[in-house]
Amino acid sequence: PLHVRGGRSLPALLHPPAQSPLPLPLPAPPQPPVAPAVAYPITLGNGKNDFGAQRSWELYCDGEQVASMAVGGPNRRQSFSAAVSPGMRCHLYMHDSRGDGWQGAEWSGLGQDGLTLEDGFEKTFTFVVPHLPLQLTGPCSLT
């Protein structure tokens with residue numbers, strides 16, 4: 001064998017002595033599955049008077065705006081939808097430009113029913129999107 005300074009042979013330099021292997025890092029734990037987004041219906045019921053033009057609202061779920069109604073809407077029952085996943089944390093911001101509340105108009109959807117701004121310029125509701133109940137589409141039997 002070919003020797004180099006220090007008395008070691010060339011093959012020993014090319015193949016150093018085996019060292020104990022470093023432990024491999026553990027893989028990250030699996031993330032829980034995210035439920036697919038579902039289009040939840042939202043309704044806005046009309047109030048006692050025709051001041052619908054002064055009401056507005058925005059719905060944010062997990063930091064993203066998912067639905068809204070700008071000032072100037074009609075004073076009648078309206079339908080909206082929001083594509084969100086069960087378990088998302090949502091904030092509903094209600095506004096009234098005159099400061100006298102929504103005059104009986106109510107916001108319902110995503111498991112919430114009859115939310116309203118009784119008086120004042122604004123109100124915030126916070127909630128978690130519920131899981132939808134299982135809906136069967138035909139006959140089923142267990143055997």
# chains A, B, ... in the order shown; residues from 1 in each chain; ligands from 1
call {"tool": "select_by_dssp", "arguments": {"residues": "segment 21-131 of chain A", "states": "strand (DSSP E or B)", "output": "PyMOL selection string"}}
result
chain A and resi 38-45+55-61+64-69+78-84+89-96+100+106-109+112-115+120+122-128
call {"tool": "closest_atom_pairs", "arguments": {"of": "segment 75-118 of chain A", "to": "segment 24-48 of chain A", "cutoff": "7 Å", "atoms": "only C-alpha atoms", "output": "CSV"}}
result
residue,atom,partner,partner_atom,distance
A:Asn75,CA,A:Asn46,CA,5.5
A:Arg76,CA,A:Asn46,CA,4.7
A:Arg77,CA,A:Gly45,CA,4.5
A:Gln78,CA,A:Leu44,CA,5.1
A:Ser79,CA,A:Thr43,CA,4.6
A:Phe80,CA,A:Ile42,CA,4.9
A:Ser81,CA,A:Pro41,CA,4.5
A:Ala82,CA,A:Ala39,CA,5.3
A:Ala83,CA,A:Ala39,CA,4.2
A:Val84,CA,A:Ala37,CA,4.6
A:Ser85,CA,A:Ala37,CA,4.3
A:Pro86,CA,A:Ala35,CA,6.4
A:Trp102,CA,A:Gly47,CA,6.8
A:Gln103,CA,A:Gly47,CA,5.3
A:Gly104,CA,A:Gly47,CA,4.4
A:Ala105,CA,A:Gly47,CA,3.9
A:Glu106,CA,A:Gly45,CA,5.1
A:Trp107,CA,A:Leu44,CA,4.7
A:Ser108,CA,A:Thr43,CA,5.3
A:Gly109,CA,A:Ile42,CA,4.3
A:Leu110,CA,A:Tyr40,CA,6.1
call {"tool": "closest_residue", "arguments": {"among": "A:Gly87, A:Gly101, A:Gly63, A:Gly72", "to": "Leu117 of chain A", "atoms": "only C-alpha atoms"}}
result
A:Gly101
call {"tool": "atom_distance", "arguments": {"atom1": "atom CA of Cys61 of chain A", "atom2": "atom CA of Asp119 of chain A"}}
result
24.7 Å
call {"tool": "closest_residue", "arguments": {"among": "A:Met69, A:His95, A:Arg89, A:Val128", "to": "Thr116 of chain A", "atoms": "only C-alpha atoms"}}
result
A:His95
call {"tool": "closest_residue", "arguments": {"among": "A:His131, A:Val71, A:Cys90, A:Arg55", "to": "Glu118 of chain A", "atoms": "only C-alpha atoms"}}
result
A:Arg55
